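Trainee: Quick one: the structure is below, questions incoming.
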Amino acid sequence: MPPHFRDLGTALEWRAKGETLRVEAWGPDAVRVRATPGGPLAEDLPGALLDTPPGGGDAEIKIAEHHATLVNGRITVRIDADTEGKLTPELGASAGRLTFLRTEDGTELLAEQSAHFWWPGPRLATATGNGYHRLEQRFQAYRGERFYGLGQHTHGLLDQKGAVIDLVQRNAEVTIPLLVSDRGYGLLWNSPAIGRVELAETGTRWVSDSARQIDYWITAGQPADVLSRYADATGHSPELPEWASGFWQCKLRYRTQDELMEVAREYQRRGLPLSVIVCDFFHWTHLGEWKFDPAEWPDPAGMVRELDEMGVKLMVSVWPSVSPASENYHPMLDQGFFIGTEFGPMAHADWPDKGLGAYSAQVAFYDATNPEAREFVWERIRRGYHELGVKVFWLDAGEPELKPGHQYNLRYHAGPGLEVGNMYPRENARTVHDGLKAAGETEIISLNRSSWAGAQRYGAALWSGDIATDFASLRTQIKAGLNVMMSGIPWWTTDIGGFHGGDPDDPAYREVLVRWFQYGTFCPLFRLHGFRGDEQVLEPAMTGLANEVWSYGEETYEILAAHLRLRERLRPYVMRQMRTASETGVPPMRPVFLEFPDDPAAWEVEDAFLLGPDLLVAPITEAGVREREVCLPAGARWTDVWSGEEHEGGQTVTVAAPIDRIPLFLRDGANLPVREEA
């Protein structure tokens, strides 16, 4: 056998000058690539992939003198050990270069690219100390290539070619390192390390600031195939509970049990559908005690019972932070259940708490990467909420919301902050998932402000964080949500109307709210939230202005109520898409190209989407607009829901959009109950 190569049965390995590079079949049409600058590969590093590869992968390995190939279904990987004695391999820049090919016709999908003919090669490891390295992985750029996924961002792009994306968790900036290309592949950067990805015209570069080895997974296929293989490799979402497909009412914040119950009763009096109502932050005795303050919530068990009788779930806000005033602080500190630091005290943020007056507490964060810490926190949640009947949890500030967010100073149970920091929100969702499952619950969902690859397997929904309240923000959210769908997270929502501000009496803001509400009607989760009114001091007594559907005047109310009823009529269809998402990984809300990858125009559509296969949704995202152009994908016939007019696909049409409706089209005669019967 030629030097450098080893046939491991399901994997092909190349070694030279201390580096180990392994390419392994990892599920159908997919491979996992790992590389370490010295010594054997580490097998126990944290990542997104499940512990064992999905079934169906079948490696075929061939080794020649200067190269070797591994074929697994639709994908072929070639390793060039050198270029047959030319100058370059002696210098090391091209040795061990990887090329990924479409098996069917040998078309190049993706290839590594050296930074320079001399040094470095496509993989660079720069020591940071103690066996850790700043890792770089370079790939060739392709003119006209489009990139989707990568989580949720506020840059306003759907196609992210040309962008530099920080791989770090922040409020409204969510890292999920799955990249989907229109060239016919998807790549998961299987590392929770802090870093970035650069999608430049001159090349693509993934960077981990400090980690131990390069690790990524790549699969070949159309976008829907990529998402299906990704779900197989990282875990499928459970099926969305049926009640969760309805309307969620929320505001910042209901201060008392009486306030919250009066809103729920008013929905019932008006005959309006309501599935979830939310108890937001500062309902607790102290931050990190995970229980109701009896002065404001005297009978939470009775509240839950009455809501259940209405068919309404109570969702409660749970934070990962713990105040020194909490009864849990010192026990958790003594047992090592907090995120530690390399230098300095345990505190990671200042935050207001009850009993402190105008002062803030230096709060710590429980270490969700520590299984014992997860069990401790769940036990408090169980006693404080679940025993009272609460089964739905809002996991706010789960990035976690550090001040300042210096991951290099953090030490988690799973490892140093720079190496593992991005996985925190997933493990935080795991706390509630594992706890509810152990308690015998079968319908599990949590709402999270951040996420990471694999979170979907823990029933973790995502919302888009604290965002602005204008049309520009709405336009950004549409693209952000579609990229979340392309990142393997099927359950997503925004704060309808945005979070920061908004005056319910302002006609201009009412128009924003109406158009956002119309868009939200067709999102996977349908949720009204926001901090209405002027900015306030962050403190336990704070509350925003009213934010119910009747809070915006009678004309607006009639429009919002009609869309509540519309969502109710569509819920069986929405649930069919949720079952599809659970079974196949294909999301309920879809970029147009996901359904029509062979239509070049579909890849250009950034301001419309499909809910499932049959309903094309074209939101209105500018003030005063009462008509818009809609690109109808080729390969189908489309019926305007409101006019009944039919159009052949492959053209752009102009349709009316009065303030009380959103442009909608049905595909190929689909029969959905969109219009309200007279």
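In the structure tokens, chains take letters A, B, ... by order of appearance, with residues numbered from 1 within each chain and ligands from 1 in the order shown.
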Extract the full set of strand (DSSP E) residues from segment 341-529 of chain A according to DSSP on the backbone, and format it as a VMD selection string.
Mentor: chain A and resid 341 349 to 352 360 to 365 392 to 395 410 to 412 415 to 416 446 to 448 460 to 463 492 to 493 526 to 528
Trainee: With N, CA and C atoms retained, write the just-selected residues as a short mmCIF file (atom, residue, chain, number, x, y, z; two decimals), in the first residue's frame.
Mentor:
data_model
loop_
_atom_site.label_atom_id
_atom_site.label_comp_id
_atom_site.auth_asym_id
_atom_site.auth_seq_id
_atom_site.Cartn_x
_atom_site.Cartn_y
_atom_site.Cartn_z
N THR A 341 -14.38 31.00 35.61
CA THR A 341 -13.54 31.92 34.87
C THR A 341 -12.08 31.52 35.01
N ALA A 349 -22.36 38.95 35.07
CA ALA A 349 -23.23 40.02 34.59
C ALA A 349 -23.84 40.74 35.79
N ASP A 350 -24.15 42.03 35.59
CA ASP A 350 -24.91 42.73 36.63
C ASP A 350 -26.37 42.79 36.18
N TRP A 351 -27.26 42.54 37.15
CA TRP A 351 -28.68 42.42 36.81
C TRP A 351 -29.51 42.82 38.00
N PRO A 352 -30.63 43.53 37.78
CA PRO A 352 -31.49 43.91 38.90
C PRO A 352 -32.18 42.71 39.53
N SER A 360 -27.83 46.78 41.30
CA SER A 360 -27.84 45.51 40.57
C SER A 360 -26.97 44.50 41.29
N ALA A 361 -27.27 43.24 41.06
CA ALA A 361 -26.48 42.15 41.64
C ALA A 361 -25.51 41.61 40.60
N GLN A 362 -24.38 41.13 41.06
CA GLN A 362 -23.45 40.44 40.17
C GLN A 362 -23.88 38.98 40.10
N VAL A 363 -24.57 38.64 39.01
CA VAL A 363 -25.17 37.31 38.90
C VAL A 363 -24.23 36.35 38.18
N ALA A 364 -24.33 35.08 38.53
CA ALA A 364 -23.60 34.02 37.86
C ALA A 364 -24.56 33.25 36.96
N PHE A 365 -24.01 32.33 36.16
CA PHE A 365 -24.80 31.51 35.26
C PHE A 365 -24.53 30.04 35.54
N VAL A 392 -44.58 24.33 29.96
CA VAL A 392 -44.01 25.05 28.83
C VAL A 392 -43.09 26.14 29.37
N PHE A 393 -41.85 26.18 28.86
CA PHE A 393 -40.86 27.08 29.44
C PHE A 393 -40.20 27.94 28.36
N TRP A 394 -40.01 29.20 28.73
CA TRP A 394 -39.38 30.20 27.88
C TRP A 394 -37.97 30.41 28.41
N LEU A 395 -36.97 29.92 27.67
CA LEU A 395 -35.59 29.96 28.14
C LEU A 395 -34.92 31.22 27.58
N LEU A 410 -13.78 32.27 30.10
CA LEU A 410 -14.75 31.35 30.70
C LEU A 410 -14.24 29.91 30.66
N ARG A 411 -14.64 29.17 31.67
CA ARG A 411 -14.34 27.74 31.70
C ARG A 411 -15.63 26.99 32.05
N TYR A 412 -16.05 26.16 31.10
CA TYR A 412 -17.24 25.33 31.27
C TYR A 412 -16.82 23.92 31.69
N GLY A 415 -15.32 22.30 28.76
CA GLY A 415 -14.03 22.75 28.25
C GLY A 415 -13.91 24.26 28.31
N PRO A 416 -12.80 24.79 27.76
CA PRO A 416 -12.59 26.25 27.75
C PRO A 416 -13.65 26.96 26.91
N SER A 446 -39.59 24.05 24.23
CA SER A 446 -39.14 25.23 24.95
C SER A 446 -38.89 26.32 23.93
N LEU A 447 -39.06 27.57 24.34
CA LEU A 447 -38.80 28.72 23.48
C LEU A 447 -37.49 29.35 23.91
N ASN A 448 -36.55 29.49 22.97
CA ASN A 448 -35.18 29.89 23.29
C ASN A 448 -34.77 31.13 22.51
N ALA A 460 -36.35 22.31 20.95
CA ALA A 460 -36.00 23.71 21.22
C ALA A 460 -36.46 24.59 20.07
N ALA A 461 -37.50 25.38 20.30
CA ALA A 461 -37.90 26.41 19.36
C ALA A 461 -37.00 27.63 19.54
N LEU A 462 -36.93 28.46 18.53
CA LEU A 462 -36.10 29.67 18.55
C LEU A 462 -36.95 30.87 18.23
N TRP A 463 -36.73 31.97 18.97
CA TRP A 463 -37.29 33.24 18.50
C TRP A 463 -36.16 34.22 18.29
N TRP A 492 -39.73 28.27 14.76
CA TRP A 492 -39.16 29.62 14.85
C TRP A 492 -40.28 30.64 14.86
N THR A 493 -39.98 31.79 15.49
CA THR A 493 -40.94 32.88 15.52
C THR A 493 -40.21 34.19 15.80
N PHE A 526 -46.72 31.29 16.08
CA PHE A 526 -47.51 32.52 15.88
C PHE A 526 -47.61 33.22 17.23
N ARG A 527 -46.78 34.25 17.45
CA ARG A 527 -46.61 34.78 18.80
C ARG A 527 -46.49 36.30 18.80
N LEU A 528 -47.34 36.95 19.59
CA LEU A 528 -47.32 38.40 19.77
C LEU A 528 -46.56 38.74 21.05
#
Trainee: May I have the residues within 12 Å of Met303 of chain A as a PyMOL selection string, using only C-alpha atoms and disregarding those fewer than 5 positions away in the same chain?
Mentor: chain A and resi 256-262+264-265+277+279+292+297-298+308-310+312-315+385+388-390
Trainee: Kindly save the residues from that selection, with C-alpha atoms included, as a PDB file, in the first residue's frame.
Mentor:
ATOM      1  CA  THR A 256     -49.465  39.859  38.599  1.00  0.00           C
ATOM      2  CA  GLN A 257     -51.656  36.809  38.391  1.00  0.00           C
ATOM      3  CA  ASP A 258     -54.725  39.040  38.142  1.00  0.00           C
ATOM      4  CA  GLU A 259     -53.303  40.963  35.164  1.00  0.00           C
ATOM      5  CA  LEU A 260     -52.490  37.816  33.239  1.00  0.00           C
ATOM      6  CA  MET A 261     -55.772  36.095  33.977  1.00  0.00           C
ATOM      7  CA  GLU A 262     -57.810  39.130  32.994  1.00  0.00           C
ATOM      8  CA  ALA A 264     -56.841  35.332  29.122  1.00  0.00           C
ATOM      9  CA  ARG A 265     -60.469  35.783  30.205  1.00  0.00           C
ATOM     10  CA  ILE A 277     -50.158  32.992  27.435  1.00  0.00           C
ATOM     11  CA  CYS A 279     -45.567  34.870  32.352  1.00  0.00           C
ATOM     12  CA  PHE A 292     -43.340  32.347  41.696  1.00  0.00           C
ATOM     13  CA  TRP A 297     -48.803  35.175  42.078  1.00  0.00           C
ATOM     14  CA  PRO A 298     -50.741  33.880  45.098  1.00  0.00           C
ATOM     15  CA  ASP A 308     -56.307  24.555  31.217  1.00  0.00           C
ATOM     16  CA  GLU A 309     -60.095  24.712  31.344  1.00  0.00           C
ATOM     17  CA  MET A 310     -59.901  27.463  28.690  1.00  0.00           C
ATOM     18  CA  VAL A 312     -54.676  27.676  27.204  1.00  0.00           C
ATOM     19  CA  LYS A 313     -51.140  26.719  28.246  1.00  0.00           C
ATOM     20  CA  LEU A 314     -49.124  28.875  30.636  1.00  0.00           C
ATOM     21  CA  MET A 315     -45.530  29.448  29.522  1.00  0.00           C
ATOM     22  CA  TYR A 385     -43.326  25.226  38.292  1.00  0.00           C
ATOM     23  CA  LEU A 388     -48.002  23.310  39.798  1.00  0.00           C
ATOM     24  CA  GLY A 389     -48.896  22.153  36.297  1.00  0.00           C
ATOM     25  CA  VAL A 390     -46.561  24.346  34.210  1.00  0.00           C
TER      26      VAL A 390
END
Trainee: Might you pull out every residue within 8 Å of Leu150 of chain A, with only C-alpha atoms counted and same-chain residues fewer than 5 positions away left off, and present them as a ChimeraX atom specification?
Mentor: /A:175-179,483-484,486-487
Trainee: Could you name the residues that touch Ala233 of chain A at 9 Å or less, counting only C-alpha atoms, but leaving out those on the same chain fewer than 2 positions away, as JSON, numbers by chain?
Mentor: {"A": [26, 27, 48, 49, 50, 52, 53, 54, 228, 229, 230, 231, 235, 236, 454]}
Trainee: Could you write out the selected residues, including C-alpha atoms, as a PDB file, in the first residue's frame?
Mentor:
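File result-v3.pdb, as written:
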ATOM      1  CA  TRP A  26     -21.180   9.317   7.951  1.00  0.00           C
ATOM      2  CA  GLY A  27     -24.683   8.435   6.820  1.00  0.00           C
ATOM      3  CA  ALA A  48     -23.309  18.481  16.957  1.00  0.00           C
ATOM      4  CA  LEU A  49     -23.264  15.043  15.366  1.00  0.00           C
ATOM      5  CA  LEU A  50     -24.949  12.144  17.119  1.00  0.00           C
ATOM      6  CA  THR A  52     -23.013   7.101  15.949  1.00  0.00           C
ATOM      7  CA  PRO A  53     -23.516   7.832  12.253  1.00  0.00           C
ATOM      8  CA  PRO A  54     -26.940   7.216  10.727  1.00  0.00           C
ATOM      9  CA  SER A 228     -32.921  15.583   5.523  1.00  0.00           C
ATOM     10  CA  ARG A 229     -29.389  14.151   5.844  1.00  0.00           C
ATOM     11  CA  TYR A 230     -28.551  16.797   8.430  1.00  0.00           C
ATOM     12  CA  ALA A 231     -31.526  15.774  10.585  1.00  0.00           C
ATOM     13  CA  GLY A 235     -31.185  14.439  15.393  1.00  0.00           C
ATOM     14  CA  HIS A 236     -34.756  14.950  14.227  1.00  0.00           C
ATOM     15  CA  GLY A 454     -28.618  19.696  17.240  1.00  0.00           C
TER      16      GLY A 454
END
Trainee: Determine the nearest neighbour of Gly650 of chain A from the options A:Gly96, A:Asp599, A:His529, A:Ala618, counting only C-alpha atoms.
Mentor: A:Asp599
Trainee: Quick one: of A:Pro613, A:Pro241, A:Gly311, A:Gly530, who's nearest to Gln268 of chain A, counting only C-alpha atoms?
Mentor: A:Gly311
Trainee: Could you tell me how far atom CA of Ala35 of chain A lies from atom CA of Gly9 of chain A, in Å and to one decimal?
Mentor: 18.1 Å
Trainee: Go through A:Asn671, A:Ser450, A:Thr621, A:Thr654 and flag the residue nearest Gly151 of chain A, using only C-alpha atoms for the distances.
Mentor: A:Ser450
Trainee: To one decimal place in Å, what is the distance between atom CA of Ser208 of chain A and atom CA of Thr76 of chain A?
Mentor: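 Answer for the atom CA of Ser208 of chain A to atom CA of Thr76 of chain A separation: 26.1 Å.
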Trainee: Write out as a PyMOL selection string each polymer residue whose atoms come within 7 Å of Ile194 of chain A, counting only C-alpha atoms; drop sequence neighbours fewer than 3 positions from it.
Mentor: chain A and resi 167-168+208-209+418-419+421-422
Trainee: Which residues are close to segment 126-135 of chain A, i.e. within 8 Å by only C-alpha atoms, leaving aside same-chain residues fewer than 4 positions away? Reply as a list in words.
Mentor: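 The filter keeps Val207, Ser208, Asp209, Ser210, Ala211, Arg212, Gln213 and Ile214 of chain A.
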Trainee: With N, CA and C atoms kept, could you save the residues just selected as a CSV table (one decimal), in the first residue's frame?
Mentor:
chain,number,residue,atom,x,y,z
A,207,VAL,N,-12.8,29.5,10.7
A,207,VAL,CA,-11.8,29.7,11.8
A,207,VAL,C,-12.4,29.4,13.1
A,208,SER,N,-11.6,28.6,13.9
A,208,SER,CA,-11.9,28.4,15.3
A,208,SER,C,-10.7,29.1,16.1
A,209,ASP,N,-11.1,30.0,17.0
A,209,ASP,CA,-10.0,30.8,17.7
A,209,ASP,C,-9.1,29.9,18.5
A,210,SER,N,-9.7,28.9,19.2
A,210,SER,CA,-8.8,28.0,20.0
A,210,SER,C,-9.6,26.7,20.1
A,211,ALA,N,-9.0,25.6,19.5
A,211,ALA,CA,-9.7,24.3,19.5
A,211,ALA,C,-8.6,23.2,19.3
A,212,ARG,N,-9.0,22.0,19.3
A,212,ARG,CA,-8.0,20.9,19.2
A,212,ARG,C,-7.9,20.2,17.9
A,213,GLN,N,-9.0,20.2,17.1
A,213,GLN,CA,-8.9,19.6,15.8
A,213,GLN,C,-10.0,20.1,14.9
A,214,ILE,N,-9.8,20.1,13.6
A,214,ILE,CA,-10.8,20.4,12.6
A,214,ILE,C,-11.7,19.3,12.5
Trainee: Kindly indicate which residue among A:Ala656, A:Ala636, A:Ile620, A:Ile165 lies nearest to Gly669 of chain A, using only C-alpha atoms for the distances.
Mentor: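 That would be A:Ala636, the residue with the smallest distance to Gly669 of chain A.
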Trainee: Given only C-alpha atoms as the basis, pick out the residue of A:Leu610, A:Ala623, A:Leu98, A:Leu272 nearest to Pro507 of chain A.
Mentor: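 Smallest separation from Pro507 of chain A among the options: A:Ala623.
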